[in-house]
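What's in input-v9.cif: mmCIF, C-alpha atoms
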```
data_protein
loop_
_atom_site.label_atom_id
_atom_site.label_comp_id
_atom_site.auth_asym_id
_atom_site.auth_seq_id
_atom_site.Cartn_x
_atom_site.Cartn_y
_atom_site.Cartn_z
CA MET A 68 0.00 0.00 0.00
CA ASN A 69 1.53 3.33 -1.03
CA SER A 70 1.64 6.49 1.04
CA GLU A 71 -1.00 8.20 -1.11
CA HIS A 72 -3.41 5.35 -0.42
CA LYS A 73 -2.70 5.64 3.31
CA ALA A 74 -3.18 9.41 3.18
CA LEU A 75 -6.55 8.99 1.50
CA GLU A 76 -7.55 6.36 4.06
CA ARG A 77 -7.40 9.06 6.76
CA TYR A 78 -10.55 10.49 5.13
CA VAL A 79 -12.05 7.68 3.12
CA ASP A 80 -13.22 4.23 4.21
CA MET A 81 -11.36 2.56 1.34
CA THR A 82 -12.63 -0.95 2.10
CA GLU A 83 -16.23 0.21 1.84
CA LEU A 84 -15.58 2.39 -1.22
CA LEU A 85 -13.71 -0.32 -3.11
CA ALA A 86 -16.54 -2.74 -2.41
CA ARG A 87 -19.00 -0.17 -3.77
CA VAL A 88 -17.06 0.18 -7.03
CA ASP A 89 -16.50 -3.55 -7.31
CA ASN A 90 -12.75 -3.12 -6.76
CA ASP A 91 -12.48 -1.16 -9.97
CA ARG A 92 -9.56 1.17 -9.23
CA GLU A 93 -9.86 2.84 -12.59
CA LEU A 94 -13.44 3.79 -11.75
CA LEU A 95 -12.29 4.90 -8.32
CA VAL A 96 -9.85 7.36 -9.89
CA GLU A 97 -12.55 8.55 -12.30
CA LEU A 98 -14.93 9.18 -9.40
CA LEU A 99 -12.32 10.97 -7.33
CA THR A 100 -11.52 13.14 -10.34
CA LEU A 101 -15.21 13.99 -10.68
CA PHE A 102 -15.24 14.75 -6.95
CA GLN A 103 -12.22 17.02 -7.36
CA GLU A 104 -14.03 18.92 -10.11
CA ASP A 105 -17.50 19.06 -8.58
CA PHE A 106 -16.76 19.53 -4.90
CA PRO A 107 -15.53 23.17 -5.15
CA ARG A 108 -18.68 24.13 -7.09
CA LEU A 109 -20.96 22.65 -4.44
CA ARG A 110 -18.92 24.07 -1.58
CA ASP A 111 -19.03 27.53 -3.20
CA ALA A 112 -22.79 27.20 -3.65
CA LEU A 113 -23.10 26.36 0.06
CA HIS A 114 -21.00 29.34 1.10
CA ALA A 115 -22.87 31.68 -1.23
CA ALA A 116 -26.27 30.52 0.08
CA VAL A 117 -25.16 30.88 3.72
CA ASP A 118 -23.71 34.32 3.04
CA ALA A 119 -26.87 35.38 1.23
CA GLY A 120 -29.01 34.12 4.11
CA ASN A 121 -30.84 31.69 1.84
CA PRO A 122 -31.60 28.70 4.08
CA ASN A 123 -33.37 26.69 1.37
CA GLN A 124 -30.44 26.83 -1.03
CA ALA A 125 -27.94 26.31 1.81
CA GLU A 126 -29.77 23.20 3.02
CA LYS A 127 -29.97 21.78 -0.51
CA ALA A 128 -26.26 22.41 -1.13
CA ALA A 129 -25.29 20.83 2.20
CA HIS A 130 -27.56 17.89 1.46
CA THR A 131 -26.05 17.32 -1.98
CA LEU A 132 -22.53 17.53 -0.56
CA LYS A 133 -23.50 15.03 2.12
CA GLY A 134 -24.77 12.58 -0.53
CA MET A 135 -21.65 12.92 -2.64
CA LEU A 136 -19.35 12.42 0.35
CA ALA A 137 -21.41 9.48 1.58
CA ASN A 138 -21.16 7.65 -1.74
CA LEU A 139 -17.39 8.10 -1.64
CA SER A 140 -17.33 6.88 1.98
CA ILE A 141 -15.68 10.11 3.13
CA LYS A 142 -17.19 9.50 6.52
CA HIS A 143 -16.04 12.30 8.78
CA ALA A 144 -16.83 14.90 6.13
CA VAL A 145 -20.31 13.35 5.79
CA GLN A 146 -20.91 14.08 9.47
CA LEU A 147 -19.65 17.61 9.05
CA ALA A 148 -21.92 18.22 6.04
CA ALA A 149 -24.81 16.77 8.05
CA SER A 150 -24.01 19.20 10.88
CA VAL A 151 -24.15 22.11 8.43
CA GLU A 152 -27.47 20.85 7.05
CA LEU A 153 -28.97 20.51 10.54
CA ALA A 154 -27.69 23.91 11.65
CA VAL A 155 -29.15 25.56 8.54
CA ARG A 156 -32.47 23.81 9.06
CA ALA A 157 -32.50 24.94 12.70
CA GLY A 158 -31.68 28.48 11.59
CA ASP A 159 -29.00 28.78 14.26
CA ALA A 160 -26.50 31.31 12.85
CA GLN A 161 -23.81 30.56 15.44
CA GLU A 162 -24.11 26.84 14.88
CA ILE A 163 -24.00 27.35 11.11
CA GLN A 164 -20.70 29.26 11.34
CA LYS A 165 -19.24 26.63 13.67
CA ALA A 166 -20.30 23.77 11.41
CA MET A 167 -19.06 25.54 8.28
CA ALA A 168 -15.67 26.19 9.88
CA GLY A 169 -15.32 22.51 10.76
CA PHE A 170 -16.26 21.55 7.24
CA ASP A 171 -13.76 23.99 5.73
CA ARG A 172 -10.94 22.66 7.92
CA GLU A 173 -11.62 19.12 6.81
CA GLU A 174 -11.80 20.10 3.17
CA THR A 175 -8.21 21.29 2.83
CA GLY A 176 -6.63 18.01 3.89
CA LEU A 177 -9.24 15.96 2.07
CA LEU A 178 -8.69 17.65 -1.31
CA ALA A 179 -4.91 17.36 -0.94
CA ALA A 180 -5.18 13.64 -0.19
CA VAL A 181 -7.48 13.12 -3.17
CA GLU A 182 -5.15 15.03 -5.45
CA SER A 183 -2.11 13.00 -4.34
CA TYR A 184 -3.95 9.74 -4.79
CA ILE A 185 -5.07 10.66 -8.31
CA ALA A 186 -1.55 11.81 -9.21
CA SER A 187 -0.07 8.53 -7.95
CA ARG A 188 -2.50 6.61 -10.16
CA ASN A 189 -1.76 8.76 -13.21
CA PRO A 190 2.04 9.06 -13.15
CA MET B 36 -33.90 -3.81 -19.28
CA LYS B 37 -33.81 -0.02 -19.47
CA VAL B 38 -33.27 1.91 -16.28
CA LEU B 39 -33.21 5.65 -15.80
CA ILE B 40 -31.03 7.26 -13.16
CA ALA B 41 -31.39 10.89 -12.24
CA ASP B 42 -28.99 12.74 -9.99
CA ASP B 43 -27.64 16.27 -10.24
CA GLU B 44 -24.48 15.22 -8.46
CA ALA B 45 -21.89 13.85 -10.87
CA VAL B 46 -20.09 11.37 -8.59
CA SER B 47 -23.23 9.54 -7.52
CA LEU B 48 -24.59 9.55 -11.07
CA ARG B 49 -21.45 7.98 -12.52
CA MET B 50 -21.17 5.46 -9.70
CA LEU B 51 -24.77 4.34 -10.19
CA GLU B 52 -24.38 4.25 -13.95
CA LYS B 53 -21.34 1.99 -13.78
CA THR B 54 -22.88 -0.29 -11.14
CA LEU B 55 -26.04 -0.79 -13.17
CA GLU B 56 -24.24 -1.24 -16.48
CA ARG B 57 -22.20 -3.99 -14.86
CA ALA B 58 -25.44 -5.59 -13.71
CA GLY B 59 -26.61 -5.71 -17.34
CA TYR B 60 -28.98 -2.73 -17.41
CA GLU B 61 -29.31 -0.34 -20.32
CA VAL B 62 -28.77 2.90 -18.44
CA THR B 63 -30.05 6.38 -19.25
CA ALA B 64 -28.39 8.91 -16.96
CA VAL B 65 -29.82 12.41 -16.56
CA SER B 66 -28.81 15.20 -14.24
CA ASP B 67 -32.11 16.92 -13.56
CA GLY B 68 -35.65 16.07 -12.57
CA ARG B 69 -37.39 17.58 -15.58
CA LYS B 70 -35.43 15.43 -18.04
CA ALA B 71 -36.19 12.42 -15.84
CA ALA B 72 -39.94 13.16 -15.87
CA GLU B 73 -39.93 13.64 -19.65
CA ALA B 74 -38.15 10.34 -20.27
CA LEU B 75 -40.36 8.44 -17.83
CA CYS B 76 -43.60 9.88 -19.23
CA ASP B 77 -42.64 8.72 -22.72
CA PRO B 78 -44.67 5.53 -23.38
CA ASP B 79 -41.49 3.93 -24.75
CA GLY B 80 -39.32 5.25 -21.96
CA PRO B 81 -37.69 3.25 -19.15
CA ARG B 82 -40.04 1.57 -16.69
CA LEU B 83 -37.50 1.40 -13.92
CA ALA B 84 -35.96 4.48 -12.35
CA LEU B 85 -33.66 5.57 -9.57
CA LEU B 86 -34.31 9.18 -8.64
CA ASP B 87 -32.28 11.40 -6.40
CA TRP B 88 -34.45 13.24 -3.92
CA VAL B 89 -32.88 16.70 -4.12
CA MET B 90 -32.54 17.78 -7.75
CA PRO B 91 -33.28 20.89 -9.73
CA PRO B 92 -35.70 21.93 -11.10
CA LEU B 93 -37.96 19.02 -10.10
CA ASP B 94 -37.02 17.00 -7.05
CA GLY B 95 -37.46 13.22 -6.83
CA PRO B 96 -40.93 13.27 -5.22
CA ALA B 97 -42.11 15.83 -7.83
CA VAL B 98 -40.87 13.53 -10.60
CA CYS B 99 -42.81 10.67 -8.98
CA ARG B 100 -46.00 12.76 -8.84
CA THR B 101 -45.59 13.85 -12.47
CA VAL B 102 -45.06 10.31 -13.69
CA ARG B 103 -48.00 8.95 -11.72
CA ARG B 104 -50.24 11.71 -13.05
CA LYS B 105 -49.22 11.50 -16.70
CA ARG B 106 -48.30 7.93 -17.46
CA SER B 107 -51.12 5.60 -16.64
CA GLN B 108 -50.80 2.84 -19.23
CA ARG B 109 -47.94 0.84 -17.75
CA HIS B 110 -46.48 1.03 -14.30
CA VAL B 111 -43.09 2.68 -13.87
CA TYR B 112 -41.19 1.36 -10.87
CA LEU B 113 -39.71 4.36 -9.09
CA VAL B 114 -37.02 4.17 -6.43
CA LEU B 115 -36.01 7.31 -4.56
CA LEU B 116 -32.36 7.63 -3.61
CA THR B 117 -31.73 9.85 -0.67
CA SER B 118 -29.62 10.61 2.30
CA LYS B 119 -32.82 11.68 4.05
CA SER B 120 -33.71 8.94 6.46
CA SER B 121 -36.33 10.31 8.84
CA LYS B 122 -39.67 8.55 8.98
CA GLU B 123 -41.43 11.72 7.77
CA ASP B 124 -39.15 11.92 4.73
CA ILE B 125 -39.72 8.29 3.85
CA ILE B 126 -43.48 8.68 4.17
CA GLU B 127 -43.40 11.82 2.01
CA GLY B 128 -41.37 9.97 -0.64
CA LEU B 129 -43.69 6.98 -0.74
CA GLU B 130 -46.79 9.18 -0.72
CA SER B 131 -45.47 11.01 -3.78
CA GLY B 132 -45.76 7.78 -5.74
CA ALA B 133 -42.37 6.14 -5.21
CA ASP B 134 -42.42 2.36 -4.96
CA ASP B 135 -39.30 2.11 -2.85
CA TYR B 136 -36.42 4.14 -1.49
CA LEU B 137 -32.73 3.61 -0.87
CA ILE B 138 -30.60 5.48 1.59
CA LYS B 139 -27.29 6.93 0.39
CA PRO B 140 -24.61 5.69 0.38
CA PHE B 141 -26.09 2.81 -1.50
CA ASP B 142 -24.92 -0.73 -1.09
CA PRO B 143 -24.48 -2.29 -4.56
CA GLY B 144 -25.94 -5.64 -3.49
CA GLU B 145 -29.00 -4.02 -1.94
CA LEU B 146 -29.43 -1.70 -4.93
CA LYS B 147 -29.44 -4.60 -7.39
CA ALA B 148 -31.76 -6.67 -5.19
CA ARG B 149 -34.26 -3.82 -4.94
CA LEU B 150 -34.20 -3.30 -8.69
CA ARG B 151 -34.82 -7.01 -9.17
CA THR B 152 -37.88 -6.60 -6.94
CA GLY B 153 -39.02 -3.85 -9.28
CA LEU B 154 -38.44 -6.08 -12.28
CA ARG B 155 -40.53 -8.84 -10.71
CA ILE B 156 -43.39 -6.40 -10.18
CA LEU B 157 -43.16 -5.08 -13.74
CA GLU B 158 -43.09 -8.66 -15.06
CA LEU B 159 -46.14 -9.49 -12.98
CA GLU B 160 -47.92 -6.45 -14.40
CA ASP B 161 -46.95 -7.45 -17.95
CA ASN B 162 -48.34 -10.93 -17.38
CA LEU B 163 -51.57 -9.54 -15.95
CA LEU B 164 -52.00 -7.10 -18.84
CA GLU B 165 -51.32 -9.85 -21.33
CA ALA B 166 -53.88 -12.10 -19.62
CA ARG B 167 -56.40 -9.25 -19.53
CA GLU B 168 -55.84 -8.52 -23.22
CA ASP B 169 -56.21 -12.21 -23.99
CA MET B 170 -59.47 -12.37 -22.02
CA ARG B 171 -60.73 -9.18 -23.65
CA TYR B 172 -60.01 -10.64 -27.08
CA LYS B 173 -61.72 -13.92 -26.22
CA ALA B 174 -64.72 -12.07 -24.83
CA THR B 175 -65.15 -9.96 -27.95
CA HIS B 176 -64.19 -12.33 -30.75
CA ASP B 177 -65.58 -15.52 -32.15
CA SER B 178 -63.18 -18.34 -31.36
CA LEU B 179 -63.68 -20.15 -34.68
CA THR B 180 -63.47 -17.31 -37.19
CA ALA B 181 -61.69 -14.65 -35.09
CA LEU B 182 -64.36 -12.19 -36.26
CA LEU B 183 -66.13 -9.96 -33.75
CA ASN B 184 -68.70 -11.99 -31.87
CA ARG B 185 -72.40 -11.20 -31.87
CA GLY B 186 -72.43 -9.21 -28.65
CA THR B 187 -69.50 -7.08 -29.68
CA ILE B 188 -70.62 -6.25 -33.20
CA LEU B 189 -74.07 -5.29 -31.94
CA GLU B 190 -72.50 -3.10 -29.27
CA LEU B 191 -70.26 -1.45 -31.85
CA LEU B 192 -73.16 -1.07 -34.27
CA ALA B 193 -75.17 0.71 -31.57
CA GLY B 194 -72.23 3.08 -31.10
CA GLU B 195 -71.94 3.67 -34.84
CA LEU B 196 -75.66 4.42 -35.11
CA ASN B 197 -75.32 7.02 -32.36
CA ARG B 198 -72.34 8.54 -34.14
CA LYS B 199 -74.27 8.56 -37.42
CA ARG B 200 -77.11 10.50 -35.76
CA ARG B 201 -74.68 13.03 -34.32
CA ASP B 202 -72.67 13.44 -37.53
CA LYS B 203 -75.69 13.19 -39.84
CA SER B 204 -73.79 10.58 -41.85
CA SER B 205 -74.87 7.30 -43.41
CA ILE B 206 -74.32 3.73 -42.39
CA SER B 207 -75.32 0.46 -44.00
CA ILE B 208 -75.80 -2.95 -42.50
CA VAL B 209 -75.46 -6.20 -44.38
CA LEU B 210 -76.64 -9.48 -42.95
CA GLY B 211 -75.34 -12.47 -44.89
CA ASP B 212 -76.19 -16.12 -44.54
CA LEU B 213 -74.36 -18.96 -46.25
CA ASP B 214 -76.64 -20.89 -48.54
CA HIS B 215 -77.22 -24.56 -47.86
CA PHE B 216 -74.53 -24.62 -45.21
CA LYS B 217 -76.30 -27.42 -43.36
CA GLN B 218 -75.55 -29.62 -46.34
CA VAL B 219 -71.84 -28.87 -46.03
CA ASN B 220 -71.88 -30.03 -42.43
CA ASP B 221 -74.08 -33.03 -43.16
CA THR B 222 -72.06 -34.13 -46.20
CA HIS B 223 -68.48 -33.33 -45.18
CA GLY B 224 -68.68 -33.11 -41.41
CA HIS B 225 -68.33 -30.23 -38.96
CA VAL B 226 -64.57 -30.04 -39.26
CA VAL B 227 -64.92 -29.14 -42.93
CA GLY B 228 -67.84 -26.88 -42.08
CA ASP B 229 -65.53 -25.02 -39.73
CA GLU B 230 -62.92 -24.71 -42.47
CA VAL B 231 -65.56 -23.14 -44.70
CA LEU B 232 -66.62 -20.69 -42.00
CA ARG B 233 -63.02 -19.62 -41.42
CA GLU B 234 -62.53 -19.04 -45.15
CA VAL B 235 -65.78 -17.07 -45.35
CA ALA B 236 -64.55 -14.88 -42.51
CA ARG B 237 -61.29 -14.29 -44.36
CA ARG B 238 -63.13 -13.38 -47.57
CA LEU B 239 -65.48 -11.05 -45.73
CA LEU B 240 -62.61 -9.20 -44.10
CA GLY B 241 -60.91 -8.95 -47.46
CA SER B 242 -63.96 -7.41 -49.08
CA VAL B 243 -64.50 -4.50 -46.69
CA ARG B 244 -62.56 -1.38 -45.75
CA SER B 245 -60.41 -1.16 -42.64
CA TYR B 246 -62.99 0.98 -40.84
CA ASP B 247 -65.93 -1.35 -41.55
CA LEU B 248 -66.95 -3.99 -39.02
CA VAL B 249 -67.46 -7.70 -39.60
CA GLY B 250 -68.92 -10.06 -37.03
CA ARG B 251 -70.27 -13.56 -36.74
CA TYR B 252 -73.94 -13.05 -36.01
CA GLY B 253 -74.97 -16.67 -35.64
CA GLY B 254 -73.98 -20.14 -36.91
CA GLU B 255 -73.48 -19.28 -40.58
CA GLU B 256 -74.79 -15.71 -40.40
CA PHE B 257 -72.48 -12.73 -40.63
CA LEU B 258 -73.15 -9.07 -39.95
CA VAL B 259 -71.22 -6.37 -41.78
CA VAL B 260 -71.38 -2.70 -40.81
CA LEU B 261 -70.39 -0.38 -43.64
CA ASN B 262 -69.53 3.02 -42.26
CA ASN B 263 -70.15 6.12 -44.38
CA CYS B 264 -71.99 4.02 -46.90
CA GLY B 265 -75.42 5.25 -47.98
CA ALA B 266 -78.28 3.97 -50.07
CA ASP B 267 -76.58 5.07 -53.28
CA THR B 268 -73.60 2.73 -52.89
CA VAL B 269 -74.72 -0.01 -50.57
CA MET B 270 -75.93 -2.36 -53.30
CA ASP B 271 -72.56 -2.13 -55.06
CA ARG B 272 -70.74 -2.81 -51.81
CA ALA B 273 -73.03 -5.73 -51.01
CA GLU B 274 -72.47 -7.10 -54.48
CA GLU B 275 -68.70 -6.99 -53.90
CA ILE B 276 -69.22 -9.02 -50.74
CA ARG B 277 -71.50 -11.51 -52.48
CA LYS B 278 -68.91 -12.00 -55.23
CA ALA B 279 -66.04 -12.28 -52.75
CA ILE B 280 -67.85 -15.11 -50.97
CA GLY B 281 -69.19 -17.02 -53.94
CA GLY B 282 -66.55 -16.11 -56.54
CA SER B 283 -64.62 -19.34 -56.08
CA SER B 284 -65.03 -22.63 -54.28
CA VAL B 285 -63.55 -23.05 -50.82
CA ARG B 286 -60.62 -25.43 -50.77
CA THR B 287 -60.97 -27.69 -47.74
CA SER B 288 -59.27 -30.85 -46.47
CA GLN B 289 -62.12 -32.73 -48.17
CA GLY B 290 -61.75 -30.97 -51.50
CA SER B 291 -63.25 -27.85 -53.03
CA ILE B 292 -66.71 -26.84 -51.92
CA PRO B 293 -68.75 -24.25 -53.80
CA ILE B 294 -70.51 -21.76 -51.56
CA THR B 295 -72.80 -18.78 -51.99
CA MET B 296 -74.28 -16.22 -49.66
CA SER B 297 -77.67 -14.52 -49.48
CA LEU B 298 -77.60 -10.97 -48.20
CA GLY B 299 -80.10 -8.62 -46.64
CA VAL B 300 -79.13 -4.98 -46.77
CA PHE B 301 -80.28 -1.95 -44.83
CA ALA B 302 -79.11 1.57 -45.58
CA SER B 303 -79.67 3.95 -42.69
CA LEU B 304 -79.98 7.54 -43.82
CA PRO B 305 -78.82 10.52 -41.75
CA THR B 306 -82.44 11.33 -40.87
CA ASP B 307 -83.33 7.74 -39.96
CA ASP B 308 -83.78 7.38 -36.21
CA ARG B 309 -84.86 3.79 -36.04
CA SER B 310 -83.52 1.78 -33.13
CA LEU B 311 -80.94 -0.97 -33.38
CA GLU B 312 -83.66 -3.59 -32.84
CA GLU B 313 -85.83 -2.13 -35.59
CA ILE B 314 -82.90 -2.03 -37.99
CA LEU B 315 -81.97 -5.63 -37.22
CA CYS B 316 -85.55 -6.59 -37.83
CA GLU B 317 -85.47 -4.81 -41.21
CA VAL B 318 -82.23 -6.40 -42.35
CA ASP B 319 -83.31 -9.80 -41.11
CA GLY B 320 -86.49 -9.46 -43.13
CA ALA B 321 -84.47 -8.53 -46.20
CA LEU B 322 -82.24 -11.58 -45.73
CA TYR B 323 -85.31 -13.76 -45.42
CA ALA B 324 -86.57 -12.27 -48.65
CA ALA B 325 -83.25 -12.96 -50.36
CA LYS B 326 -83.50 -16.60 -49.31
CA SER B 327 -87.07 -16.74 -50.61
CA ALA B 328 -85.98 -15.11 -53.86
CA GLY B 329 -83.75 -18.06 -54.67
CA ARG B 330 -80.59 -17.44 -52.58
CA ASN B 331 -77.20 -16.10 -53.71
CA CYS B 332 -78.75 -12.67 -54.01
CA ILE B 333 -79.13 -9.34 -52.25
CA ILE B 334 -82.33 -7.68 -51.09
CA GLN B 335 -82.36 -4.17 -49.79
CA ALA B 336 -84.82 -3.41 -47.03
CA ALA B 337 -86.42 -0.11 -46.15
CA PRO B 338 -86.70 2.24 -49.07
CA ALA B 339 -84.26 5.05 -49.01
CA GLU B 340 -85.83 8.48 -49.26
CA GLY B 341 -86.47 9.22 -52.93
CA THR B 342 -85.16 5.88 -54.14
CA LEU B 343 -86.69 2.54 -54.77
CA PRO B 344 -85.61 -0.54 -52.87
CA GLN B 345 -83.59 -2.96 -54.93
CA SER B 346 -82.84 -6.60 -55.22
CA HIS B 347 -79.82 -8.07 -56.89
CA CYS B 348 -79.79 -11.71 -57.81
CA ALA B 349 -76.69 -13.40 -59.18
CA GLY B 350 -75.48 -10.32 -60.99
CA ARG B 351 -78.86 -8.99 -62.08
CA THR B 352 -80.06 -5.86 -60.34
CA ARG B 353 -83.64 -4.77 -60.40
CA SER B 354 -85.64 -2.15 -58.61
CA LYS B 355 -88.46 -3.35 -56.50
CA SER B 356 -91.71 -1.55 -55.96
CA GLY B 357 -92.73 -0.04 -52.66
CA THR B 358 -95.36 -2.70 -52.32
CA LYS B 359 -92.75 -5.36 -52.71
CA THR B 360 -90.66 -3.71 -50.00
CA ASP B 361 -93.59 -3.91 -47.65
CA ALA B 362 -93.81 -7.54 -48.46
CA ILE B 363 -90.12 -7.96 -47.62
CA LYS B 364 -90.75 -6.48 -44.24
#
```
Could you express the structure from this file as structure tokens?
Amino acid sequence: MNSEHKALERYVDMTELLARVDNDRELLVELLTLFQEDFPRLRDALHAAVDAGNPNQAEKAAHTLKGMLANLSIKHAVQLAASVELAVRAGDAQEIQKAMAGFDREETGLLAAVESYIASRNP
Amino acid sequence: MKVLIADDEAVSLRMLEKTLERAGYEVTAVSDGRKAAEALCDPDGPRLALLDWVMPPLDGPAVCRTVRRKRSQRHVYLVLLTSKSSKEDIIEGLESGADDYLIKPFDPGELKARLRTGLRILELEDNLLEAREDMRYKATHDSLTALLNRGTILELLAGELNRKRRDKSSISIVLGDLDHFKQVNDTHGHVVGDEVLREVARRLLGSVRSYDLVGRYGGEEFLVVLNNCGADTVMDRAEEIRKAIGGSSVRTSQGSIPITMSLGVFASLPTDDRSLEEILCEVDGALYAAKSAGRNCIIQAAPAEGTLPQSHCAGRTRSKSGTKTDAIK
């Protein structure tokens, strides 16, 4: 197991994810690449909705992010996205900021690990 | 089997697509609810669908409601995919018309098993529809000749008469009876008699237009409804039928058998408001007259307004007097 795989495992339940893609590592890389492309768009939509005080859009964006992360077995980030969704639904501004900050912190390391893994698979 | 997947989120969409392609499905992947609803409302569209709950511009439950409202012919098995898992959410999803739901992240084994459940239900529906269609056909058609049976042709004739009254159009009814058919049965047996009846049915169908109706009225009696056919043309049309039946012998397993048909004809004019029973009585009387006139001929009942009733025997047409018509009745 290479270091990139181990780095990704800090965020992703690789056993579960590989089972979901039928051990197809090529597909795994394709999905992570899609994640890399799509995640920033969804995250930006979430931030924009929160900043604009649009709870409906914010909840939808958090929900979509949660689904995407769940399918990729990025488990801790799923919980963080769920916290954002719940905070938005509750309309608790303080809780929203706290949950968003936690989500943002997780994101940096997660995206770096995904990028390294993809690079190691596409030398 | 075609399956539609709808998800606005690219990772989940691709993951589902690949999983289902591997399982042998023909996958249509769309990224919004409106496209999903359009594809599923198409009568030739997929009958199995996995729908994400949160999608623009129509969400999964809205797609379910649209499909249930618009497509009623065949069932579409709808599965909602969601990371919503509260009891209220699940109830809302099922109430919208979904057949099942799956919680994200999906388990490939569970996903395939649930789709197989959907396939079993669709197969069951197909079998039931096929059986219903088969029963409907058997209930409306004569089992020997495959023509409309008596009940059905009379029902359709009643409908056509109503339409004629509304549209002020014309309709003609021909009642034909095979001549000396008892002799065919007595001489060659009922199996051969059945062969003759089947061939007569084929010839009758071949002698009318696609929008005319042909039914087996009784043993060797056949009723033909000629739509948009008035008194001016009915005798020509009846003559075509007479010739089609008697023009050549019927080839049976026992050899060729010559047959002829006597026909009673009734032309109902736009202003005619006689009932179905009265019309049947008229045409039956005309058929009786054709038999009395020597068979293999046509007698027209009820004088058309401004015209004389006619008879047509073996290629000779002659007008009959009003008095004679009364006698036919």
Practice item. Could you expand the PyMOL selection byres ((chain B) within 8 of (chain A)) into the explicit residues it covers here, written as a ChimeraX atom specification? Key: /B:44-47,49-50,54,89,117-118,139-143
Check your understanding: Can you tell me how far atom CA of Val98 of chain B sits from atom CA of Ala72 of chain B, in Å to one decimal?
Key ->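 That distance, rounded to one decimal, is 5.4 Å.
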Point to revise | Between atom CA of His215 of chain B and atom CA of Gly329 of chain B - distance in Å to one decimal | key: 11.5 Å
Carefully work through the PyMOL selection byres ((chain A and resi 152-169) around 9) for this structure and note down the residues it includes, as a PDB file with C-alpha atoms, keeping the file's coordinate frame.
```pdb
ATOM      1  CA  HIS A 114     -21.000  29.340   1.100  1.00  0.00           C
ATOM      2  CA  VAL A 117     -25.160  30.880   3.720  1.00  0.00           C
ATOM      3  CA  PRO A 122     -31.600  28.700   4.080  1.00  0.00           C
ATOM      4  CA  ASN A 123     -33.370  26.690   1.370  1.00  0.00           C
ATOM      5  CA  ALA A 125     -27.940  26.310   1.810  1.00  0.00           C
ATOM      6  CA  GLU A 126     -29.770  23.200   3.020  1.00  0.00           C
ATOM      7  CA  LYS A 127     -29.970  21.780  -0.510  1.00  0.00           C
ATOM      8  CA  ALA A 128     -26.260  22.410  -1.130  1.00  0.00           C
ATOM      9  CA  ALA A 129     -25.290  20.830   2.200  1.00  0.00           C
ATOM     10  CA  HIS A 130     -27.560  17.890   1.460  1.00  0.00           C
ATOM     11  CA  LYS A 133     -23.500  15.030   2.120  1.00  0.00           C
ATOM     12  CA  LEU A 147     -19.650  17.610   9.050  1.00  0.00           C
ATOM     13  CA  ALA A 148     -21.920  18.220   6.040  1.00  0.00           C
ATOM     14  CA  ALA A 149     -24.810  16.770   8.050  1.00  0.00           C
ATOM     15  CA  SER A 150     -24.010  19.200  10.880  1.00  0.00           C
ATOM     16  CA  VAL A 151     -24.150  22.110   8.430  1.00  0.00           C
ATOM     17  CA  PHE A 170     -16.260  21.550   7.240  1.00  0.00           C
ATOM     18  CA  ASP A 171     -13.760  23.990   5.730  1.00  0.00           C
ATOM     19  CA  ARG A 172     -10.940  22.660   7.920  1.00  0.00           C
ATOM     20  CA  GLU A 173     -11.620  19.120   6.810  1.00  0.00           C
ATOM     21  CA  GLU A 174     -11.800  20.100   3.170  1.00  0.00           C
TER      22      GLU A 174
END
```
Point to revise | Hits of the PyMOL selection byres ((chain B and resi 205) around 7) in this structure, as JSON, numbers by chain | key: {"B": [199, 203, 204, 206, 207, 262, 263, 264, 265, 303, 304, 305]}
Exercise for review: Take atom CA of Gly80 of chain B and atom CA of Arg109 of chain B and report the distance between them in Å, one decimal.
Suggested key: 10.6 Å
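Residues surrounding Thr287 of chain B within 10 Å are B:His223, B:Val226, B:Val227, B:Gly228, B:Asp229, B:Glu230, B:Val231, B:Glu234 [only C-alpha atoms; sequence separation below 6 positions excluded].
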**Study point:** All residues 10 Å or closer to Ser327 of chain B, only C-alpha atoms, same chain fewer than 4 positions away omitted, as an MDAnalysis selection string
**Key:** chainID B and resid 297 321:323 332 363
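Minimum atom-to-atom distances from B:Arg200, B:Leu150, B:Gly250, B:Gly241 to Arg309 of chain B were compared using all atoms listed in the file, and the lowest value belongs to B:Arg200.
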Determine, counting all atoms listed in the file, which protein, DNA and RNA residues have an atom within 10 Å of an atom of Ala41 of chain B; residues of the same chain fewer than 2 positions away are not included. Present the result as a compact mmCIF listing (two decimals) with C-alpha atoms, in the coordinates of the input.
```
# COMPACT_ATOMS: atom_id res chain seq x y z
CA LEU B 39 -33.21 5.65 -15.80
CA ASP B 43 -27.64 16.27 -10.24
CA GLU B 44 -24.48 15.22 -8.46
CA SER B 47 -23.23 9.54 -7.52
CA LEU B 48 -24.59 9.55 -11.07
CA LEU B 51 -24.77 4.34 -10.19
CA GLU B 52 -24.38 4.25 -13.95
CA THR B 63 -30.05 6.38 -19.25
CA ALA B 64 -28.39 8.91 -16.96
CA VAL B 65 -29.82 12.41 -16.56
CA SER B 66 -28.81 15.20 -14.24
CA ASP B 67 -32.11 16.92 -13.56
CA GLY B 68 -35.65 16.07 -12.57
CA ARG B 69 -37.39 17.58 -15.58
CA LYS B 70 -35.43 15.43 -18.04
CA ALA B 71 -36.19 12.42 -15.84
CA ALA B 72 -39.94 13.16 -15.87
CA ALA B 84 -35.96 4.48 -12.35
CA LEU B 85 -33.66 5.57 -9.57
CA LEU B 86 -34.31 9.18 -8.64
CA ASP B 87 -32.28 11.40 -6.40
CA TRP B 88 -34.45 13.24 -3.92
CA MET B 90 -32.54 17.78 -7.75
CA ASP B 94 -37.02 17.00 -7.05
CA GLY B 95 -37.46 13.22 -6.83
CA VAL B 98 -40.87 13.53 -10.60
CA LEU B 115 -36.01 7.31 -4.56
CA LEU B 116 -32.36 7.63 -3.61
```
